[in-house]
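Asker: Questions regarding the structure given below will be posed in turn.
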Amino acid sequence: LKARGLCVESNGAMCIFCPKVDTVPLMAVKGDGGFGYDSTDLAAIYHRLFVMRADWLVYLTDLGQESHFFKIFDAAEQAGWHVPPITRVNHMGFGVVQGEDKKRFKTRSGETVKLSDLLDEAVFRAAEEIRNRVAQQTEAGQEAALTDEAAQKEAAEKLGIAAIRYFDMKQNRTSNYVFNYDKMLDPKGNSAVFLFYAYARIRAIQRKSGVDPSALNISDLRVDHPAERDLALKLLQFPDVIEAILDDLHLHRLCEYLWDLCNALTTFYTNCKVLGEEQQNSRLLLCEATRKVLKKSFDLLGFEPLERI
């Protein structure tokens, strides 16, 4: 870098200037001869782009480090390691998780909240939600899906962890947000619980139909009712949502899409009976298409749905 005139001495330090970002340079070597974050991050991006030959790097840190990484990217471009559009580098900055007081989320004693504690509490609350669900099903004379204690425990693990992941990822990553267990596990709100119920309902309809989804003929598909049309159009938007996320790395787009999709599914259920109707196979095809989009989305978000709730 020195030989190419990119790394120059300034007040005793070896610096790389990145005027496209700001006037404060990167210090490849500090004035006392030491090495800091600038040095290690420069070495790391060189290794990733020039040695490992990566074609896309994504750095995930808090927004406070955005300027620093923009300078690292600019320096890499000046050095010829980063050559857009052959290579791509992005910084995914995120905001602060806050408590109900709108301050940085901490324990009552002022300590940093451990992720393991959050997950344990979410699983505990998810178990309560599942027990309440079973009680409601039993009281209404419906078939309860999770009566076995071991099955409830396994389901609570999946649901609790998914609830936290979804609640975090549905936020615009550049904004601060308030952590709230009640909203996280709200079965009627924009939550993983709501999505899991939607998925489980599809599976219940498929089981009751006795029809193997893979045996359905796509030529049977008919989209006549407005609710069918709305659901079909929402399904067609899935590739565009993924393309948008790949462009700006805002994962909340997928969560917003899933919320809209499941609401369209609910309207479809309300207005279009599936089983025992002339349009049964057509509507089963819509259900299966929706299930596949939900499952793929869950895979992308990092959680596994429940077949029965």
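Residues in the structure tokens are named by chain (A, B, ... in the order shown) and by number from 1 within that chain; ligands are numbered from 1 in the order shown.
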Near Ser214 (chain A), counting only C-alpha atoms, which residues have an atom at most 12 Å away, once you skip same-chain residues fewer than 5 positions from it, shown as a PyMOL selection string?
Answerer: chain A and resi 206+281+284-285+288-289+292
Asker: Would you tabulate, counting only C-alpha atoms, all residues of region 87-170 of chain A that have an atom at most 8 Å from an atom of region 190-199 of chain A, showing the closest pair of atoms and their distance in Å to one decimal, sorted by chain then ascending number, as a tab-separated table?
Answerer:
```
residue	atom	partner	partner_atom	distance
A:Leu159	CA	A:Val193	CA	6.8
A:Ala162	CA	A:Ala192	CA	6.1
A:Ala163	CA	A:Ala192	CA	4.9
A:Tyr166	CA	A:Ala192	CA	5.9
A:Phe167	CA	A:Ser191	CA	6.6
```
Asker: For those residues, write N, CA and C atoms to a file as a tab-separated table (two decimals), in the first residue's frame.
Answerer:
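Just written: selection29.tsv:
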```
chain	number	residue	atom	x	y	z
A	159	LEU	N	-41.25	-23.05	19.10
A	159	LEU	CA	-42.06	-21.83	19.04
A	159	LEU	C	-41.38	-20.67	19.76
A	162	ALA	N	-38.35	-19.44	17.73
A	162	ALA	CA	-38.85	-18.78	16.51
A	162	ALA	C	-39.46	-17.42	16.85
A	163	ALA	N	-40.14	-17.33	17.99
A	163	ALA	CA	-40.79	-16.07	18.38
A	163	ALA	C	-39.76	-14.97	18.56
A	166	TYR	N	-38.13	-14.14	15.03
A	166	TYR	CA	-39.05	-13.41	14.16
A	166	TYR	C	-39.26	-11.99	14.68
A	167	PHE	N	-39.43	-11.83	15.99
A	167	PHE	CA	-39.67	-10.50	16.55
A	167	PHE	C	-38.49	-9.57	16.27
```
Asker: Please list as a PyMOL selection string every residue within 9 Å of region 241-248 of chain A, counting only C-alpha atoms and excluding residues in the same chain fewer than 3 positions away.
Answerer: chain A and resi 90+92+237-238+251-254+257
Asker: Write a file of the just-selected residues containing N, CA and C atoms, as a PDB file, in the first residue's frame.
Answerer:
```pdb
ATOM      1  N   ASN A  90     -20.953  -5.281   1.784  1.00  0.00           N
ATOM      2  CA  ASN A  90     -22.055  -4.564   2.419  1.00  0.00           C
ATOM      3  C   ASN A  90     -21.877  -4.518   3.927  1.00  0.00           C
ATOM      4  N   MET A  92     -24.274  -4.398   7.176  1.00  0.00           N
ATOM      5  CA  MET A  92     -25.636  -4.504   7.702  1.00  0.00           C
ATOM      6  C   MET A  92     -25.633  -3.942   9.124  1.00  0.00           C
ATOM      7  N   GLN A 237     -45.784 -12.642  -5.417  1.00  0.00           N
ATOM      8  CA  GLN A 237     -44.870 -11.572  -5.012  1.00  0.00           C
ATOM      9  C   GLN A 237     -43.608 -12.095  -4.322  1.00  0.00           C
ATOM     10  N   PHE A 238     -43.606 -13.363  -3.949  1.00  0.00           N
ATOM     11  CA  PHE A 238     -42.491 -13.918  -3.164  1.00  0.00           C
ATOM     12  C   PHE A 238     -41.119 -13.713  -3.817  1.00  0.00           C
ATOM     13  N   LEU A 251     -34.173  -7.596   6.129  1.00  0.00           N
ATOM     14  CA  LEU A 251     -34.918  -8.835   6.315  1.00  0.00           C
ATOM     15  C   LEU A 251     -36.367  -8.612   6.720  1.00  0.00           C
ATOM     16  N   HIS A 252     -36.666  -7.432   7.272  1.00  0.00           N
ATOM     17  CA  HIS A 252     -38.044  -7.200   7.710  1.00  0.00           C
ATOM     18  C   HIS A 252     -39.019  -7.239   6.529  1.00  0.00           C
ATOM     19  N   ARG A 253     -38.516  -7.085   5.315  1.00  0.00           N
ATOM     20  CA  ARG A 253     -39.385  -7.178   4.137  1.00  0.00           C
ATOM     21  C   ARG A 253     -40.041  -8.561   4.069  1.00  0.00           C
ATOM     22  N   LEU A 254     -39.275  -9.598   4.383  1.00  0.00           N
ATOM     23  CA  LEU A 254     -39.818 -10.955   4.340  1.00  0.00           C
ATOM     24  C   LEU A 254     -40.865 -11.152   5.432  1.00  0.00           C
ATOM     25  N   TYR A 257     -44.015  -9.469   4.465  1.00  0.00           N
ATOM     26  CA  TYR A 257     -44.666 -10.272   3.430  1.00  0.00           C
ATOM     27  C   TYR A 257     -45.406 -11.459   4.046  1.00  0.00           C
TER      28      TYR A 257
END
```
Asker: List every residue of region 9-252 of chain A that DSSP, applied to the backbone of this structure, places in strand (DSSP E or B), and write the result as a PyMOL selection string.
Answerer: chain A and resi 9-10+13-16+26-29+56-62+88-94+97-98+104+106+112+177-178
Asker: Please provide as an MDAnalysis selection string all residues within 9 Å of Cys255 (chain A), with the sequence filter that same-chain residues fewer than 4 positions apart are discarded (counting only C-alpha atoms).
Answerer: chainID A and resid 166 169:171 190 251 259:260 297 301
Asker: Generate a file of the selected residues that holds C-alpha atoms, formatted as a PDB file, in the first residue's frame.
Answerer:
```pdb
ATOM      1  CA  TYR A 166     -39.046 -13.406  14.159  1.00  0.00           C
ATOM      2  CA  MET A 169     -36.057  -9.763  12.266  1.00  0.00           C
ATOM      3  CA  LYS A 170     -39.450  -8.160  11.628  1.00  0.00           C
ATOM      4  CA  GLN A 171     -38.024  -4.827  12.812  1.00  0.00           C
ATOM      5  CA  ASN A 190     -47.597 -10.129  13.695  1.00  0.00           C
ATOM      6  CA  LEU A 251     -34.918  -8.835   6.315  1.00  0.00           C
ATOM      7  CA  TRP A 259     -47.788 -11.261   7.768  1.00  0.00           C
ATOM      8  CA  ASP A 260     -49.657 -10.114   4.649  1.00  0.00           C
ATOM      9  CA  SER A 297     -39.460 -18.460   4.344  1.00  0.00           C
ATOM     10  CA  LEU A 301     -35.429 -17.025   8.826  1.00  0.00           C
TER      11      LEU A 301
END
```
Asker: Could you list, as JSON, numbers by chain, every residue within 10 Å of Gly12 (chain A), counting only C-alpha atoms and ignoring same-chain residues fewer than 6 positions away?
Answerer: {"A": [29, 30, 31, 32, 33]}
